[in-house]
Amino acid sequence: MKTQVAIIGGGPAGLLLSHILHRHGVDSVVLEKNSRAHVLSRIRAGVLEQTTVDVLRQNGLGTRMDRQGHAHDGMKIVWAGRESFFIDVKKHVNKRFMAYGQTSIQEDLFDAADRRNAKVLSEVEDVQLVDVATDHPCVTFRHNGESVHLDCDYIAGCDGFHGVSRKAIPANVLRVFEKEYPFGWLGILSETPPLPDIIYANHPRGFALASMRSPTLSRYYVQAPLDTKIEDWSDDRFWSELKARYPKELADAIVTGPSIEKSIAPLRSFVCEPMRHGQLFLAGDAAHIVPPTGAKGLNLAVSDVFYLSRALAAFYSHGSTTLLDGYSEMALRRVWSSVRTSWYLTNLLHRFPQASDFDQRTQEFELDYLKSSHHAQAALAEQYAGLAFEQ
Ligand code: FAS
Ligand code: PHB
């Protein structure tokens, strides 16, 4: 087999890259190790930055999002049972963000791939990257019991944190920056009407978050210890703990119901540099992970794909490698900005088991300052809404 760009991973990064490359006349093959049903079963991100919304609309992927998504002017923060305050993103930076689930985006991407008869191979096995630092890289894998050799010009590693692409960068070249947080998020999905706003809560019992997927689908999270077992958390226990972390008038407004999904995600930050080695380019979770507090993970995958697809299109349309050569540094500037924002919000809103009284006091005064200063709120609004792409 031969293609121009071999894409490893059929999550949001891989499918979006394949879609945009096709619109620029660039051929690709997507290799996904799981079944389509498994990929669609994963419940993940829910908040889209303005730049992500723009990329989806500009590439013909915004129709259902504009119909079913919910645009927000900002989000609320409440702590220790006090009055909540609203970070008015629209007022501060004239941007909005969209509540539209990653699962819906994945469905839209698969539909678009089917419409263009895209070469998306599911349930591939034993993917290996060969000669990535030469001008004749290739990918070998097994599919439907057959061994396949895929020649290509470039390889896009879109295979997530546990993928194989990052491992193709030599250890003496790769630099890794990571931070583990001492807690996770226990999240549920329920077919109940959500609260009208996205509301972050910092409470002595721990962090909580109220979000949504649609007017009839709610998404909630509570901070939980790393050794939390799902089987120890009945729906009743979850709802009671969630309500305990919000002020009474908000807790009373939460409509409870049976969970249709329940999962725990550890919170970590991880960045690898560089995001390129030879003809291999990493995009999305293959290169970086952020704690979900800032709703940045999926949005970073989209920004990597925006930069990488623009660079590949420039090469195939007029032979320029300038954007390809600058991809890693450009993508990492936006990655580190989002890593920092996610780190700031995680420290601001969670209760750290080992926190000293000093740590606790400084956290409370940071919240007081954020509540009272429109400068501080403007800075957070700018970062939460997402920075503009570099030209
Ligand atoms: P993905 O991990 O989504 O996709 C990688 C794909 O590569 C997968 O389909 C995988 O099967 C495939 N793959 C792996 N190894 C392979 C191999 N060897 N060969 C072929 N294919 C291979 N982000 C937010 O913004 N907000 C959230 O609330 C949020 N919640 C999350 C909850 C969880 C449990 C997780 C894990 C992530 C969450 N994220 C959240 C982040 C998430 O949305 C990611 O940022 C997003 O999925 C990144 O997309 P991809 O880079 O495509 O990686
Ligand atoms: C979500 O809806 O899943 C969500 C919203 C905001 C976040 C993280 C996750 O910061």
# chains A, B, ... in the order shown; residues from 1 in each chain; ligands from 1

call {"tool": "residues_around", "arguments": {"residues": "Arg268 of chain A", "least_positions_apart": "6", "cutoff": "12 Å", "atoms": "only C-alpha atoms", "output": "list in words"}}
result
Phe161, Phe177, Glu178, Lys179, Glu180, Tyr181, Pro182, Phe183, Gly184, Trp185, Leu226, Asp285, His288, Ile289, Val290, Pro291, Pro292, Thr293, Gly297, Val339, Ser342, Trp343 and Thr346 of chain A

call {"tool": "write_last_selection", "arguments": {"atoms": "C-alpha atoms", "output": "tab-separated table (two decimals), in the first residue's frame"}}
result
chain	number	residue	atom	x	y	z
A	161	PHE	CA	-1.13	8.71	25.32
A	177	PHE	CA	7.72	16.85	31.28
A	178	GLU	CA	5.13	15.36	33.60
A	179	LYS	CA	3.16	16.01	36.75
A	180	GLU	CA	0.80	13.57	38.52
A	181	TYR	CA	-2.01	15.04	40.65
A	182	PRO	CA	-2.95	13.17	43.86
A	183	PHE	CA	-6.58	12.63	42.85
A	184	GLY	CA	-8.89	11.79	39.93
A	185	TRP	CA	-12.32	12.72	38.62
A	226	LEU	CA	-6.77	7.84	43.15
A	285	ASP	CA	-2.73	13.06	23.31
A	288	HIS	CA	0.50	15.83	25.59
A	289	ILE	CA	-2.04	15.23	28.33
A	290	VAL	CA	-3.64	17.92	30.50
A	291	PRO	CA	-5.90	17.55	33.55
A	292	PRO	CA	-9.50	18.04	32.27
A	293	THR	CA	-10.02	21.00	34.65
A	297	GLY	CA	-7.35	18.16	25.97
A	339	VAL	CA	-0.88	23.14	30.27
A	342	SER	CA	-5.04	23.61	33.34
A	343	TRP	CA	-2.42	23.56	36.11
A	346	THR	CA	-6.49	22.43	39.01

call {"tool": "residues_near_ligand", "arguments": {"ligand": "ligand 1", "cutoff": "6 Å", "atoms": "only C-alpha atoms and all ligand atoms", "output": "PDB file with N, CA and C atoms, in the first residue's frame"}}
result
ATOM      1  N   ILE A   8      -1.727   7.352  12.304  1.00  0.00           N
ATOM      2  CA  ILE A   8      -1.913   6.283  13.294  1.00  0.00           C
ATOM      3  C   ILE A   8      -2.861   6.792  14.374  1.00  0.00           C
ATOM      4  N   GLY A   9      -4.033   6.148  14.491  1.00  0.00           N
ATOM      5  CA  GLY A   9      -5.014   6.586  15.483  1.00  0.00           C
ATOM      6  C   GLY A   9      -6.233   7.195  14.813  1.00  0.00           C
ATOM      7  N   GLY A  10      -7.410   6.644  15.143  1.00  0.00           N
ATOM      8  CA  GLY A  10      -8.667   7.149  14.549  1.00  0.00           C
ATOM      9  C   GLY A  10      -9.543   7.843  15.564  1.00  0.00           C
ATOM     10  N   GLY A  11      -8.903   8.519  16.555  1.00  0.00           N
ATOM     11  CA  GLY A  11      -9.666   9.362  17.484  1.00  0.00           C
ATOM     12  C   GLY A  11      -9.904  10.711  16.835  1.00  0.00           C
ATOM     13  N   PRO A  12     -10.265  11.740  17.627  1.00  0.00           N
ATOM     14  CA  PRO A  12     -10.540  13.045  17.032  1.00  0.00           C
ATOM     15  C   PRO A  12      -9.363  13.607  16.234  1.00  0.00           C
ATOM     16  N   ALA A  13      -8.128  13.467  16.755  1.00  0.00           N
ATOM     17  CA  ALA A  13      -6.979  14.043  16.042  1.00  0.00           C
ATOM     18  C   ALA A  13      -6.783  13.358  14.689  1.00  0.00           C
ATOM     19  N   GLY A  14      -6.769  12.027  14.680  1.00  0.00           N
ATOM     20  CA  GLY A  14      -6.483  11.299  13.444  1.00  0.00           C
ATOM     21  C   GLY A  14      -7.550  11.489  12.383  1.00  0.00           C
ATOM     22  N   LEU A  31      -5.073   4.392  10.532  1.00  0.00           N
ATOM     23  CA  LEU A  31      -4.968   3.065  11.143  1.00  0.00           C
ATOM     24  C   LEU A  31      -5.436   3.152  12.589  1.00  0.00           C
ATOM     25  N   GLU A  32      -6.533   2.447  12.920  1.00  0.00           N
ATOM     26  CA  GLU A  32      -7.118   2.517  14.262  1.00  0.00           C
ATOM     27  C   GLU A  32      -7.134   1.100  14.858  1.00  0.00           C
ATOM     28  N   LYS A  33      -6.639   0.971  16.088  1.00  0.00           N
ATOM     29  CA  LYS A  33      -6.528  -0.381  16.644  1.00  0.00           C
ATOM     30  C   LYS A  33      -7.849  -0.914  17.186  1.00  0.00           C
ATOM     31  N   ASN A  34      -8.765   0.007  17.546  1.00  0.00           N
ATOM     32  CA  ASN A  34     -10.042  -0.473  18.095  1.00  0.00           C
ATOM     33  C   ASN A  34     -11.135  -0.489  17.033  1.00  0.00           C
ATOM     34  N   VAL A  39     -14.471   3.001  19.837  1.00  0.00           N
ATOM     35  CA  VAL A  39     -14.045   4.417  19.811  1.00  0.00           C
ATOM     36  C   VAL A  39     -15.228   5.301  20.187  1.00  0.00           C
ATOM     37  N   ARG A  44     -15.826  11.466  26.733  1.00  0.00           N
ATOM     38  CA  ARG A  44     -14.693  12.298  27.140  1.00  0.00           C
ATOM     39  C   ARG A  44     -15.050  13.769  27.170  1.00  0.00           C
ATOM     40  N   ALA A  45     -14.445  14.549  26.292  1.00  0.00           N
ATOM     41  CA  ALA A  45     -14.536  16.007  26.408  1.00  0.00           C
ATOM     42  C   ALA A  45     -15.938  16.539  26.100  1.00  0.00           C
ATOM     43  N   GLY A  46     -16.155  17.784  26.574  1.00  0.00           N
ATOM     44  CA  GLY A  46     -17.477  18.356  26.342  1.00  0.00           C
ATOM     45  C   GLY A  46     -17.480  19.827  25.985  1.00  0.00           C
ATOM     46  N   VAL A 127       0.907  -2.276  14.942  1.00  0.00           N
ATOM     47  CA  VAL A 127       1.400  -1.153  14.120  1.00  0.00           C
ATOM     48  C   VAL A 127       2.851  -0.855  14.481  1.00  0.00           C
ATOM     49  N   CYS A 158      -1.183  10.036  15.847  1.00  0.00           N
ATOM     50  CA  CYS A 158      -2.403  10.553  16.517  1.00  0.00           C
ATOM     51  C   CYS A 158      -2.984   9.460  17.404  1.00  0.00           C
ATOM     52  N   ASP A 159      -2.118   8.631  17.987  1.00  0.00           N
ATOM     53  CA  ASP A 159      -2.581   7.418  18.663  1.00  0.00           C
ATOM     54  C   ASP A 159      -2.649   7.557  20.174  1.00  0.00           C
ATOM     55  N   GLY A 160      -2.785   8.787  20.674  1.00  0.00           N
ATOM     56  CA  GLY A 160      -3.088   8.970  22.090  1.00  0.00           C
ATOM     57  C   GLY A 160      -1.919   8.661  23.012  1.00  0.00           C
ATOM     58  N   HIS A 162      -1.314   6.297  25.077  1.00  0.00           N
ATOM     59  CA  HIS A 162      -0.804   4.923  25.181  1.00  0.00           C
ATOM     60  C   HIS A 162      -0.426   4.342  23.820  1.00  0.00           C
ATOM     61  N   GLY A 163      -0.291   5.225  22.826  1.00  0.00           N
ATOM     62  CA  GLY A 163       0.015   4.731  21.480  1.00  0.00           C
ATOM     63  C   GLY A 163       1.475   4.353  21.286  1.00  0.00           C
ATOM     64  N   VAL A 164       1.823   4.023  20.055  1.00  0.00           N
ATOM     65  CA  VAL A 164       3.202   3.576  19.736  1.00  0.00           C
ATOM     66  C   VAL A 164       4.048   4.671  19.100  1.00  0.00           C
ATOM     67  N   ALA A 265     -11.132   9.134  35.880  1.00  0.00           N
ATOM     68  CA  ALA A 265      -9.940   9.496  35.096  1.00  0.00           C
ATOM     69  C   ALA A 265      -8.922  10.117  36.049  1.00  0.00           C
ATOM     70  N   GLY A 284      -2.056  15.734  19.276  1.00  0.00           N
ATOM     71  CA  GLY A 284      -3.042  15.306  20.273  1.00  0.00           C
ATOM     72  C   GLY A 284      -2.409  14.614  21.471  1.00  0.00           C
ATOM     73  N   ASP A 285      -3.192  13.697  22.068  1.00  0.00           N
ATOM     74  CA  ASP A 285      -2.734  13.064  23.310  1.00  0.00           C
ATOM     75  C   ASP A 285      -1.463  12.250  23.150  1.00  0.00           C
ATOM     76  N   ALA A 286      -1.086  11.933  21.909  1.00  0.00           N
ATOM     77  CA  ALA A 286       0.196  11.233  21.679  1.00  0.00           C
ATOM     78  C   ALA A 286       1.358  12.081  22.167  1.00  0.00           C
ATOM     79  N   PRO A 292      -8.304  17.526  32.965  1.00  0.00           N
ATOM     80  CA  PRO A 292      -9.501  18.041  32.273  1.00  0.00           C
ATOM     81  C   PRO A 292     -10.054  19.339  32.855  1.00  0.00           C
ATOM     82  N   ALA A 295     -10.608  21.995  30.442  1.00  0.00           N
ATOM     83  CA  ALA A 295     -11.300  21.585  29.199  1.00  0.00           C
ATOM     84  C   ALA A 295     -10.405  21.851  27.996  1.00  0.00           C
ATOM     85  N   LYS A 296      -9.134  21.405  28.093  1.00  0.00           N
ATOM     86  CA  LYS A 296      -8.160  21.740  27.045  1.00  0.00           C
ATOM     87  C   LYS A 296      -7.753  20.553  26.172  1.00  0.00           C
ATOM     88  N   GLY A 297      -7.920  19.314  26.661  1.00  0.00           N
ATOM     89  CA  GLY A 297      -7.352  18.156  25.970  1.00  0.00           C
ATOM     90  C   GLY A 297      -7.770  18.060  24.514  1.00  0.00           C
ATOM     91  N   LEU A 298      -9.050  17.999  24.292  1.00  0.00           N
ATOM     92  CA  LEU A 298      -9.559  17.861  22.928  1.00  0.00           C
ATOM     93  C   LEU A 298      -9.207  19.104  22.105  1.00  0.00           C
ATOM     94  N   ALA A 301      -5.784  18.920  20.806  1.00  0.00           N
ATOM     95  CA  ALA A 301      -5.684  17.981  19.674  1.00  0.00           C
ATOM     96  C   ALA A 301      -6.091  18.691  18.386  1.00  0.00           C
TER      97      ALA A 301
END

call {"tool": "atom_distance", "arguments": {"atom1": "atom CA of Asp227 of chain A", "atom2": "atom 5 (C, counted along the ligand's line) of ligand 2"}}
result
22.9 Å

call {"tool": "atom_distance", "arguments": {"atom1": "atom CA of Ile198 of chain A", "atom2": "atom CA of Leu40 of chain A"}}
result
23.9 Å

call {"tool": "closest_residue", "arguments": {"among": "A:Ala251, A:Gln383, A:Val124, A:Leu186", "to": "Ser337 of chain A", "atoms": "only C-alpha atoms"}}
result
A:Gln383

call {"tool": "residues_around", "arguments": {"residues": "Arg213 of chain A", "least_positions_apart": "5", "cutoff": "8 Å", "atoms": "only C-alpha atoms", "output": "list in words"}}
result
Gly46, Gly69, Ala99, Tyr100, Gly101, Ser218 and Arg219 of chain A

call {"tool": "write_last_selection", "arguments": {"atoms": "all heavy atoms", "output": "compact mmCIF listing (two decimals), in the first residue's frame"}}
result
# COMPACT_ATOMS: atom_id res chain seq x y z
N GLY A 46 -16.16 17.78 26.57
CA GLY A 46 -17.48 18.36 26.34
C GLY A 46 -17.48 19.83 25.99
O GLY A 46 -18.49 20.38 25.60
N GLY A 69 -25.37 21.79 19.70
CA GLY A 69 -24.43 22.31 20.71
C GLY A 69 -25.05 23.47 21.48
O GLY A 69 -26.09 24.00 21.09
N ALA A 99 -20.67 23.86 24.26
CA ALA A 99 -20.82 22.55 24.94
C ALA A 99 -21.35 21.59 23.89
O ALA A 99 -22.48 21.71 23.42
CB ALA A 99 -21.79 22.65 26.11
N TYR A 100 -20.47 20.69 23.45
CA TYR A 100 -20.84 19.69 22.42
C TYR A 100 -19.87 18.53 22.61
O TYR A 100 -18.66 18.72 22.57
CB TYR A 100 -20.70 20.31 21.03
CG TYR A 100 -21.15 19.42 19.88
CD1 TYR A 100 -22.49 19.05 19.73
CD2 TYR A 100 -20.24 18.97 18.92
CE1 TYR A 100 -22.92 18.25 18.68
CE2 TYR A 100 -20.65 18.17 17.86
CZ TYR A 100 -21.99 17.81 17.73
OH TYR A 100 -22.40 17.02 16.68
N GLY A 101 -20.39 17.35 22.86
CA GLY A 101 -19.55 16.23 23.33
C GLY A 101 -18.59 15.71 22.29
O GLY A 101 -18.86 15.72 21.08
N SER A 218 -26.90 15.37 31.08
CA SER A 218 -26.01 16.08 32.03
C SER A 218 -24.72 15.31 32.22
O SER A 218 -24.68 14.08 32.15
CB SER A 218 -26.70 16.19 33.40
OG SER A 218 -27.90 16.92 33.29
N ARG A 219 -23.65 16.08 32.50
CA ARG A 219 -22.33 15.49 32.78
C ARG A 219 -21.86 16.11 34.08
O ARG A 219 -21.80 17.35 34.20
CB ARG A 219 -21.36 15.79 31.65
CG ARG A 219 -19.96 15.23 31.86
CD ARG A 219 -19.90 13.76 31.67
NE ARG A 219 -18.53 13.23 31.58
CZ ARG A 219 -18.22 11.96 31.79
NH1 ARG A 219 -19.17 11.12 32.12
NH2 ARG A 219 -16.99 11.52 31.66

call {"tool": "closest_residue", "arguments": {"among": "A:Arg310, A:Arg205, A:Thr321, A:Ala385", "to": "ligand 2", "atoms": "only C-alpha atoms and all ligand atoms"}}
result
A:Ala385

call {"tool": "select_by_dssp", "arguments": {"residues": "segment 216-282 of chain A", "states": "helix (DSSP H, G or I)", "output": "PyMOL selection string"}}
result
chain A and resi 230-232+235-244+248-253

call {"tool": "select_by_dssp", "arguments": {"residues": "segment 144-174 of chain A", "states": "strand (DSSP E or B)", "output": "list in words"}}
result
Glu146, Ser147, Val148, His149, Leu150, Asp151, Tyr154, Ile155, Ala156 and Gly157 of chain A

call {"tool": "residues_around", "arguments": {"residues": "Ser84 of chain A", "least_positions_apart": "3", "cutoff": "12 Å", "atoms": "only C-alpha atoms", "output": "list in words"}}
result
Met75, Lys76, Ile77, Val78, Trp79, Ala80, Gly81, Ile87, Asp197, Ile198, Ile199, Tyr200, Ala201, Asn202, Tyr246, Pro247, Lys248, Glu249, Leu250, Leu367, Asp368, Leu370, Lys371 and Ser372 of chain A

call {"tool": "write_last_selection", "arguments": {"atoms": "N, CA, C and O atoms", "output": "tab-separated table (two decimals), in the first residue's frame"}}
result
chain	number	residue	atom	x	y	z
A	75	MET	N	-18.47	30.81	32.44
A	75	MET	CA	-18.72	29.73	33.38
A	75	MET	C	-18.69	30.29	34.80
A	75	MET	O	-18.18	31.39	35.04
A	76	LYS	N	-19.28	29.51	35.73
A	76	LYS	CA	-19.38	29.97	37.12
A	76	LYS	C	-18.38	29.23	38.00
A	76	LYS	O	-18.05	28.07	37.75
A	77	ILE	N	-17.95	29.93	39.03
A	77	ILE	CA	-17.09	29.31	40.06
A	77	ILE	C	-17.76	29.56	41.40
A	77	ILE	O	-18.25	30.66	41.67
A	78	VAL	N	-17.83	28.51	42.22
A	78	VAL	CA	-18.41	28.68	43.56
A	78	VAL	C	-17.48	27.96	44.53
A	78	VAL	O	-16.87	26.94	44.18
A	79	TRP	N	-17.30	28.54	45.72
A	79	TRP	CA	-16.41	27.80	46.64
A	79	TRP	C	-16.87	27.98	48.08
A	79	TRP	O	-17.46	29.00	48.44
A	80	ALA	N	-16.65	26.88	48.81
A	80	ALA	CA	-16.96	26.80	50.25
A	80	ALA	C	-18.36	27.30	50.55
A	80	ALA	O	-18.58	28.01	51.52
A	81	GLY	N	-19.28	27.02	49.61
A	81	GLY	CA	-20.69	27.33	49.86
A	81	GLY	C	-21.04	28.79	49.68
A	81	GLY	O	-22.19	29.20	49.85
A	87	ILE	N	-17.46	34.07	35.30
A	87	ILE	CA	-16.35	34.54	34.45
A	87	ILE	C	-16.96	34.80	33.07
A	87	ILE	O	-17.27	33.85	32.33
A	197	ASP	N	-25.68	26.57	33.58
A	197	ASP	CA	-24.28	26.98	33.38
A	197	ASP	C	-23.31	25.85	33.68
A	197	ASP	O	-23.65	24.91	34.40
A	198	ILE	N	-22.10	25.98	33.18
A	198	ILE	CA	-21.00	25.11	33.61
A	198	ILE	C	-20.49	25.71	34.92
A	198	ILE	O	-20.14	26.90	34.97
A	199	ILE	N	-20.53	24.93	36.00
A	199	ILE	CA	-20.21	25.47	37.33
A	199	ILE	C	-19.14	24.64	38.01
A	199	ILE	O	-19.32	23.44	38.27
A	200	TYR	N	-17.99	25.28	38.30
A	200	TYR	CA	-16.89	24.64	39.01
A	200	TYR	C	-17.04	24.93	40.50
A	200	TYR	O	-17.31	26.07	40.88
A	201	ALA	N	-16.88	23.92	41.33
A	201	ALA	CA	-17.02	24.12	42.78
A	201	ALA	C	-15.75	23.66	43.49
A	201	ALA	O	-15.20	22.59	43.19
A	202	ASN	N	-15.28	24.51	44.43
A	202	ASN	CA	-14.20	24.12	45.34
A	202	ASN	C	-14.83	24.05	46.72
A	202	ASN	O	-15.35	25.06	47.20
A	246	TYR	N	-22.08	21.71	46.52
A	246	TYR	CA	-22.63	22.95	45.96
A	246	TYR	C	-23.46	23.67	47.02
A	246	TYR	O	-24.03	23.01	47.91
A	247	PRO	N	-23.58	25.00	46.94
A	247	PRO	CA	-24.48	25.73	47.86
A	247	PRO	C	-25.90	25.21	47.68
A	247	PRO	O	-26.27	24.72	46.61
A	248	LYS	N	-26.71	25.36	48.71
A	248	LYS	CA	-28.03	24.73	48.72
A	248	LYS	C	-28.89	25.05	47.51
A	248	LYS	O	-29.50	24.17	46.90
A	249	GLU	N	-28.90	26.36	47.09
A	249	GLU	CA	-29.84	26.70	45.99
A	249	GLU	C	-29.39	26.02	44.68
A	249	GLU	O	-30.24	25.65	43.86
A	250	LEU	N	-28.08	25.80	44.53
A	250	LEU	CA	-27.63	25.09	43.33
A	250	LEU	C	-27.85	23.59	43.49
A	250	LEU	O	-28.34	22.92	42.58
A	367	LEU	N	-8.89	32.73	45.18
A	367	LEU	CA	-10.30	32.74	44.78
A	367	LEU	C	-10.93	34.10	45.08
A	367	LEU	O	-11.67	34.66	44.27
A	368	ASP	N	-10.60	34.66	46.26
A	368	ASP	CA	-11.13	36.00	46.60
A	368	ASP	C	-10.67	37.03	45.57
A	368	ASP	O	-11.44	37.87	45.09
A	370	LEU	N	-9.68	36.50	42.46
A	370	LEU	CA	-10.32	36.25	41.16
A	370	LEU	C	-11.76	36.79	41.19
A	370	LEU	O	-12.23	37.38	40.22
A	371	LYS	N	-12.43	36.63	42.33
A	371	LYS	CA	-13.83	37.08	42.40
A	371	LYS	C	-13.91	38.60	42.35
A	371	LYS	O	-14.83	39.18	41.79
A	372	SER	N	-12.89	39.27	42.91
A	372	SER	CA	-13.00	40.73	43.07
A	372	SER	C	-12.30	41.51	41.96
A	372	SER	O	-12.51	42.71	41.81

call {"tool": "residues_around", "arguments": {"residues": "segment 302-304 of chain A", "least_positions_apart": "3", "cutoff": "8 Å", "atoms": "only C-alpha atoms", "output": "list in words"}}
result
Pro12, Ala13, Leu16, Thr51, Thr52, Val55, Ala283, Gly284, Leu298, Asn299, Tyr307, Leu308, Ala331, Arg334 and Phe389 of chain A

call {"tool": "closest_residue", "arguments": {"among": "A:Leu267, A:Val255, A:Leu217, A:Ile20", "to": "Ala118 of chain A", "atoms": "only C-alpha atoms"}}
result
A:Ile20

call {"tool": "closest_residue", "arguments": {"among": "A:Tyr221, A:Phe270, A:Phe238, A:Tyr327", "to": "ligand 2", "atoms": "only C-alpha atoms and all ligand atoms"}}
result
A:Tyr221

call {"tool": "closest_residue", "arguments": {"among": "A:Gln354, A:Ser211, A:Gln279, A:Gln223", "to": "ligand 2", "atoms": "only C-alpha atoms and all ligand atoms"}}
result
A:Ser211

call {"tool": "residues_around", "arguments": {"residues": "Leu61 of chain A", "least_positions_apart": "4", "cutoff": "12 Å", "atoms": "only C-alpha atoms", "output": "list in words"}}
result
Leu15, Leu16, His19, Ile20, Arg23, Thr52, Val53, Asp54, Val55, Leu56, Arg57, Met65, Asp66, Arg67, Ser104, Ile105, Gln106, Glu107, Asp108, Leu109, Phe110, Asp111, Ala112 and Ala113 of chain A

call {"tool": "residues_around", "arguments": {"residues": "Pro274 of chain A", "least_positions_apart": "2", "cutoff": "9 Å", "atoms": "only C-alpha atoms", "output": "list in words"}}
result
Ile169, Val173, Leu174, Arg175, Cys272, Arg276, His277, Leu282, Ala287, Ser328, Glu329 and Leu332 of chain A

call {"tool": "closest_residue", "arguments": {"among": "A:Pro137, A:Pro170, A:Gly187, A:Pro204", "to": "ligand 2", "atoms": "only C-alpha atoms and all ligand atoms"}}
result
A:Gly187
